[in-house]
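Colleague: Data file upload_21.txt (compact mmCIF, C-alpha atoms) is appended below.
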```txt
# COMPACT_ATOMS: atom_id res chain seq x y z
CA MET A 1 -1.41 9.38 14.25
CA GLY A 2 -2.54 6.91 11.62
CA ASN A 3 -0.54 5.79 8.60
CA PRO A 4 0.77 8.87 6.80
CA ILE A 5 -0.49 9.30 3.24
CA SER A 6 -0.15 12.07 0.66
CA GLN A 7 -3.23 13.84 -0.70
CA GLU A 8 -2.56 12.13 -4.08
CA GLY A 9 -2.44 8.69 -2.46
CA TYR A 10 -5.61 9.39 -0.48
CA ASP A 11 -7.45 10.55 -3.62
CA LYS A 12 -6.21 7.48 -5.56
CA LEU A 13 -7.58 5.10 -2.88
CA ARG A 14 -10.91 6.98 -2.71
CA GLU A 15 -11.24 6.82 -6.50
CA GLU A 16 -10.54 3.06 -6.46
CA ILE A 17 -13.29 2.57 -3.84
CA ARG A 18 -15.71 4.69 -5.91
CA ARG A 19 -14.91 2.68 -9.07
CA LEU A 20 -15.45 -0.64 -7.31
CA GLU A 21 -18.74 0.49 -5.73
CA ASP A 22 -20.19 2.41 -8.69
CA VAL A 23 -18.88 0.39 -11.66
CA GLU A 24 -17.77 -3.11 -10.68
CA MET A 25 -20.47 -3.99 -8.09
CA PRO A 26 -23.37 -3.05 -10.43
CA LYS A 27 -21.79 -5.22 -13.19
CA ILE A 28 -21.73 -8.20 -10.82
CA ALA A 29 -25.30 -7.50 -9.64
CA GLU A 30 -26.42 -7.48 -13.28
CA LYS A 31 -24.72 -10.83 -13.94
CA ILE A 32 -26.37 -12.29 -10.82
CA ALA A 33 -29.78 -11.11 -12.07
CA GLU A 34 -29.13 -12.66 -15.50
CA ALA A 35 -28.00 -15.94 -13.92
CA ARG A 36 -31.02 -15.96 -11.58
CA ALA A 37 -33.30 -15.54 -14.60
CA GLU A 38 -31.93 -18.80 -16.01
CA GLY A 39 -33.93 -20.74 -13.44
CA ASP A 40 -32.85 -23.40 -10.95
CA LEU A 41 -30.26 -21.77 -8.67
CA ARG A 42 -29.07 -25.01 -7.04
CA GLU A 43 -27.24 -26.13 -10.16
CA ASN A 44 -26.49 -22.72 -11.60
CA ALA A 45 -22.66 -22.41 -11.48
CA GLU A 46 -22.75 -18.93 -13.06
CA TYR A 47 -25.06 -17.66 -10.30
CA HIS A 48 -22.91 -19.11 -7.50
CA GLY A 49 -19.71 -17.84 -9.14
CA GLN A 50 -21.09 -14.32 -9.40
CA ARG A 51 -22.31 -14.40 -5.78
CA GLU A 52 -18.79 -15.38 -4.74
CA SER A 53 -17.33 -12.55 -6.88
CA GLN A 54 -19.76 -10.15 -5.21
CA GLY A 55 -18.59 -11.25 -1.76
CA MET A 56 -14.92 -10.93 -2.70
CA MET A 57 -15.50 -7.49 -4.24
CA GLN A 58 -17.31 -6.31 -1.10
CA ALA A 59 -14.43 -7.61 1.04
CA LYS A 60 -11.95 -5.67 -1.12
CA ILE A 61 -14.05 -2.49 -0.80
CA ASN A 62 -14.23 -2.95 2.98
CA GLN A 63 -10.46 -3.52 3.16
CA LEU A 64 -9.74 -0.35 1.15
CA LYS A 65 -12.16 1.67 3.30
CA SER A 66 -10.52 0.48 6.52
CA ARG A 67 -7.04 1.29 5.11
CA LEU A 68 -8.27 4.77 4.25
CA ALA A 69 -9.79 5.22 7.72
CA GLU A 70 -6.39 4.45 9.29
CA CYS A 71 -4.64 7.14 7.22
CA THR A 72 -3.72 10.70 8.04
CA ILE A 73 -3.05 13.06 5.14
CA VAL A 74 0.42 14.57 5.49
CA ASP A 75 1.83 17.45 3.45
CA LYS A 76 5.32 16.32 2.42
CA SER A 77 6.60 19.90 2.75
CA ASP A 78 5.82 19.77 6.50
CA VAL A 79 8.07 16.74 7.03
CA PRO A 80 11.23 17.54 9.03
CA LYS A 81 14.43 17.60 6.96
CA GLY A 82 17.54 15.61 7.76
CA ILE A 83 15.79 12.61 9.31
CA VAL A 84 14.15 9.60 7.74
CA ALA A 85 10.37 10.18 7.73
CA PHE A 86 7.29 9.95 5.50
CA GLY A 87 7.99 11.54 2.12
CA ALA A 88 11.78 11.30 2.40
CA LYS A 89 14.02 9.74 -0.25
CA VAL A 90 16.70 7.77 1.53
CA THR A 91 19.84 6.16 0.16
CA VAL A 92 21.05 3.24 2.27
CA LYS A 93 24.12 1.04 2.04
CA ASP A 94 23.75 -2.67 2.73
CA LEU A 95 26.64 -3.34 5.11
CA ALA A 96 26.79 -7.00 4.06
CA ASP A 97 27.79 -6.36 0.44
CA GLY A 98 28.31 -2.58 0.16
CA SER A 99 25.48 -2.17 -2.37
CA THR A 100 23.24 0.89 -2.16
CA GLU A 101 19.50 1.23 -2.66
CA GLN A 102 17.18 4.20 -2.68
CA TYR A 103 13.82 4.19 -0.93
CA GLU A 104 11.05 6.73 -0.89
CA PHE A 105 8.75 6.46 2.12
CA VAL A 106 5.12 6.54 1.02
CA GLY A 107 1.64 5.78 2.31
CA PRO A 108 -0.86 3.03 1.43
CA GLY A 109 -1.70 2.76 -2.26
CA GLU A 110 1.49 4.54 -3.34
CA GLU A 111 3.97 1.69 -2.89
CA ASP A 112 5.88 0.64 -6.00
CA TYR A 113 8.83 -1.76 -5.97
CA SER A 114 9.61 -1.64 -9.70
CA GLY A 115 11.51 1.64 -10.16
CA ASP A 116 15.10 2.66 -9.45
CA VAL A 117 13.77 4.32 -6.30
CA MET A 118 11.59 1.79 -4.50
CA LYS A 119 8.50 3.41 -2.98
CA ILE A 120 8.00 1.55 0.28
CA LEU A 121 5.44 1.92 3.03
CA THR A 122 6.51 3.89 6.09
CA SER A 123 4.86 1.05 8.06
CA SER A 124 6.98 -1.67 6.34
CA PRO A 125 9.76 -3.39 8.32
CA ILE A 126 12.45 -1.34 6.51
CA GLY A 127 10.37 1.84 6.94
CA GLN A 128 9.95 1.24 10.67
CA ALA A 129 13.64 0.42 11.16
CA LEU A 130 14.84 3.57 9.36
CA THR A 131 12.26 6.11 10.58
CA GLY A 132 13.90 8.79 12.70
CA LYS A 133 17.44 7.90 11.58
CA LYS A 134 19.96 10.48 10.32
CA VAL A 135 22.84 10.22 7.83
CA GLY A 136 25.47 7.89 9.29
CA ASP A 137 22.98 6.00 11.49
CA LYS A 138 22.77 2.24 11.16
CA ALA A 139 19.69 0.03 11.39
CA GLU A 140 19.00 -3.69 11.46
CA VAL A 141 15.94 -5.02 9.68
CA THR A 142 14.63 -8.54 10.13
CA ILE A 143 13.48 -9.86 6.78
CA PRO A 144 12.41 -13.37 5.72
CA ARG A 145 15.94 -14.35 4.69
CA GLY A 146 17.68 -13.01 7.83
CA VAL A 147 18.80 -9.63 9.12
CA MET A 148 19.72 -6.71 6.84
CA LYS A 149 22.25 -4.27 8.30
CA LEU A 150 21.81 -0.87 6.67
CA GLU A 151 23.53 2.49 6.96
CA VAL A 152 21.80 5.74 5.98
CA VAL A 153 24.10 7.51 3.49
CA ALA A 154 21.80 10.28 2.17
CA ILE A 155 18.37 11.80 2.85
CA GLU A 156 16.54 14.01 0.33
```
Hey, can you dump this file as structure tokens for me?
Modeller:
Amino acid sequence: MGNPISQEGYDKLREEIRRLEDVEMPKIAEKIAEARAEGDLRENAEYHGQRESQGMMQAKINQLKSRLAECTIVDKSDVPKGIVAFGAKVTVKDLADGSTEQYEFVGPGEEDYSGDVMKILTSSPIGQALTGKKVGDKAEVTIPRGVMKLEVVAIE
């Protein structure tokens, strides 16, 4: 199975691809045409800058399309209860300092690290370490600054 994603997340990614292809790419193509009309392309910084923007935009579109192709739409109501899985809200205790954090396991395009409940990718290191765990289970996660030791204290 590919990366799990909700229908909302899937639609959000598809809409972003559509916007880039149907709105942003034509704007860049128009700017390239205007720059080309200015004459000598060898010394036309605007033309070369827009060509570079076009290449970067196409790379972003391709990246989003390949992310979408790797996804499988999952109905959160079908997710098993009582274990950490896609769609679950999990409260964990950091065994190093006793602090708690809440994570919601989401698919590509839905991640958000700014709220009280961090929406993290199921495929992230923390997501992979906690998937399949139950309340009371412990997990170790290797992160850039060392190893986090976590205990699952609640699953919603």
Colleague: Enter the distance from CA of Lys134 in chain A to CA of Leu150 in chain A, in Å, rounded to one decimal.
Modeller: 12.1 Å
Colleague: Pick out the closest residue to Met148 in chain A from this set: A:Gly49, A:Gly82, A:Gly98, A:Gly115. Count all atoms listed in the file.
Modeller: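 Looking only at the distances to Met148 in chain A, the closest residue turns out to be A:Gly98.
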Colleague: Around the point (-3.7, 5.9, 2.2) (coordinates from the file), which residues reach within 8 Å if we count all atoms listed in the file? Answer as a list in words.
Modeller: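 Applying the cut-off with all atoms listed in the file, one gets Asn3, Pro4, Ile5, Ser6, Gly9, Tyr10, Leu13, Arg67, Leu68, Glu70, Cys71, Thr72, Ile73, Gly107, Pro108, Gly109 and Glu110 of chain A.
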Colleague: Can you list, as a PyMOL selection string, every protein, DNA or RNA residue that comes within 9 Å of Lys149 in chain A when you count all atoms listed in the file, leaving out same-chain residues fewer than 2 positions away?
Modeller: chain A and resi 93-96+138-142+147+151
Colleague: Please, what distance in Å, to one decimal, runs between CA of Gly132 in chain A and CA of Thr100 in chain A?
Modeller: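 Going from CA of Gly132 in chain A over to CA of Thr100 in chain A covers 19.2 Å.
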Colleague: What's the 12 Å shell around Val79 in chain A, counting only C-alpha atoms, without same-chain residues fewer than 4 positions away, as a list in words?
Modeller: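 Surrounding residues, per the criterion: Pro4, Ile5, Ser6, Ile73, Val74, Asp75, Ile83, Val84, Ala85, Phe86, Gly87, Ala88, Lys89, Phe105, Thr131, Gly132 and Glu156 of chain A.
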Colleague: Mind giving me the straight-line distance from CA of Val117 in chain A to CA of Arg14 in chain A in Å, one decimal?
Modeller: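 Distance reported for this atom pair: 25.1 Å.
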Colleague: Pick out the closest residue to Thr91 in chain A from this set: A:Lys119, A:Val152, A:Asp137, A:Gln128. Count only C-alpha atoms.
Modeller: A:Val152
Colleague: Name the residues in contact with range 18-27 of chain A at a cut-off of 9 Å, using all atoms listed in the file, excluding same-chain residues fewer than 2 positions from it; report them as a list in words.
Modeller: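 Near neighbours after the sequence-gap exclusion: Leu13, Arg14, Glu15, Glu16, Ala29, Glu30, Lys31, Ile32, Gln54, Met57, Gln58, Lys60 and Ile61 of chain A.
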Colleague: Measuring between only C-alpha atoms, which one of A:Ser114, A:Asp97, A:His48, A:Ile126 shows the shortest distance to Ala33 in chain A?
Modeller: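 For Ala33 in chain A, the nearest of the given residues is A:His48.
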Colleague: Smallest atom-to-atom distance to Ile28 in chain A: which of A:Arg42, A:Lys12, A:Arg51, A:Arg145, using all atoms listed in the file?
Modeller: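 For Ile28 in chain A, the nearest of the candidates is A:Arg51.
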Colleague: N, CA and C atoms are needed for range 90-123 of chain A; please write them out as a short mmCIF file (atom, residue, chain, number, x, y, z; two decimals), keeping the file's coordinate frame.
Modeller:
```cif
data_model
loop_
_atom_site.label_atom_id
_atom_site.label_comp_id
_atom_site.auth_asym_id
_atom_site.auth_seq_id
_atom_site.Cartn_x
_atom_site.Cartn_y
_atom_site.Cartn_z
N VAL A 90 15.56 8.17 0.72
CA VAL A 90 16.70 7.77 1.53
C VAL A 90 17.58 6.82 0.74
N THR A 91 18.88 7.08 0.76
CA THR A 91 19.84 6.16 0.16
C THR A 91 20.49 5.40 1.32
N VAL A 92 20.45 4.08 1.22
CA VAL A 92 21.05 3.24 2.27
C VAL A 92 22.10 2.33 1.65
N LYS A 93 23.09 1.99 2.47
CA LYS A 93 24.12 1.04 2.04
C LYS A 93 23.89 -0.24 2.82
N ASP A 94 23.85 -1.35 2.09
CA ASP A 94 23.75 -2.67 2.73
C ASP A 94 25.15 -3.01 3.22
N LEU A 95 25.32 -3.12 4.53
CA LEU A 95 26.64 -3.34 5.11
C LEU A 95 27.19 -4.73 4.82
N ALA A 96 26.33 -5.64 4.39
CA ALA A 96 26.79 -7.00 4.06
C ALA A 96 27.60 -7.02 2.76
N ASP A 97 27.11 -6.29 1.74
CA ASP A 97 27.79 -6.36 0.44
C ASP A 97 28.19 -5.00 -0.13
N GLY A 98 27.91 -3.92 0.60
CA GLY A 98 28.31 -2.58 0.16
C GLY A 98 27.42 -1.98 -0.91
N SER A 99 26.37 -2.70 -1.34
CA SER A 99 25.48 -2.17 -2.37
C SER A 99 24.60 -1.06 -1.78
N THR A 100 24.13 -0.17 -2.65
CA THR A 100 23.24 0.89 -2.16
C THR A 100 21.88 0.75 -2.84
N GLU A 101 20.86 1.19 -2.13
CA GLU A 101 19.50 1.23 -2.66
C GLU A 101 18.88 2.54 -2.24
N GLN A 102 17.91 2.99 -3.02
CA GLN A 102 17.18 4.20 -2.68
C GLN A 102 15.73 3.86 -2.41
N TYR A 103 15.22 4.39 -1.30
CA TYR A 103 13.82 4.19 -0.93
C TYR A 103 13.14 5.54 -0.78
N GLU A 104 11.89 5.58 -1.19
CA GLU A 104 11.05 6.73 -0.89
C GLU A 104 9.95 6.22 0.02
N PHE A 105 9.73 6.91 1.14
CA PHE A 105 8.75 6.46 2.12
C PHE A 105 7.39 7.04 1.78
N VAL A 106 6.43 6.15 1.50
CA VAL A 106 5.12 6.54 1.02
C VAL A 106 4.02 5.91 1.87
N GLY A 107 2.79 6.31 1.60
CA GLY A 107 1.64 5.78 2.31
C GLY A 107 0.93 4.71 1.50
N PRO A 108 -0.11 4.10 2.09
CA PRO A 108 -0.86 3.03 1.43
C PRO A 108 -1.36 3.43 0.04
N GLY A 109 -1.23 2.51 -0.90
CA GLY A 109 -1.70 2.76 -2.26
C GLY A 109 -0.66 3.41 -3.14
N GLU A 110 0.45 3.87 -2.55
CA GLU A 110 1.49 4.54 -3.34
C GLU A 110 2.74 3.69 -3.50
N GLU A 111 2.76 2.51 -2.84
CA GLU A 111 3.97 1.69 -2.89
C GLU A 111 4.21 1.17 -4.30
N ASP A 112 5.49 1.10 -4.67
CA ASP A 112 5.88 0.64 -6.00
C ASP A 112 7.32 0.14 -5.89
N TYR A 113 7.51 -1.14 -6.16
CA TYR A 113 8.83 -1.76 -5.97
C TYR A 113 9.56 -1.93 -7.29
N SER A 114 9.05 -1.35 -8.38
CA SER A 114 9.61 -1.64 -9.70
C SER A 114 10.62 -0.61 -10.18
N GLY A 115 10.63 0.59 -9.64
CA GLY A 115 11.51 1.64 -10.16
C GLY A 115 12.91 1.58 -9.57
N ASP A 116 13.76 2.53 -10.01
CA ASP A 116 15.10 2.66 -9.45
C ASP A 116 15.01 3.06 -7.97
N VAL A 117 14.04 3.93 -7.69
CA VAL A 117 13.77 4.32 -6.30
C VAL A 117 12.54 3.54 -5.87
N MET A 118 12.73 2.59 -4.95
CA MET A 118 11.59 1.79 -4.50
C MET A 118 10.74 2.63 -3.56
N LYS A 119 9.43 2.70 -3.85
CA LYS A 119 8.50 3.41 -2.98
C LYS A 119 7.97 2.39 -1.99
N ILE A 120 8.39 2.53 -0.73
CA ILE A 120 8.00 1.55 0.28
C ILE A 120 7.15 2.21 1.35
N LEU A 121 6.31 1.41 1.99
CA LEU A 121 5.44 1.92 3.03
C LEU A 121 6.25 2.31 4.26
N THR A 122 5.89 3.45 4.84
CA THR A 122 6.51 3.89 6.09
C THR A 122 6.31 2.81 7.16
N SER A 123 5.19 2.08 7.06
CA SER A 123 4.86 1.05 8.06
C SER A 123 5.53 -0.30 7.78
#
```
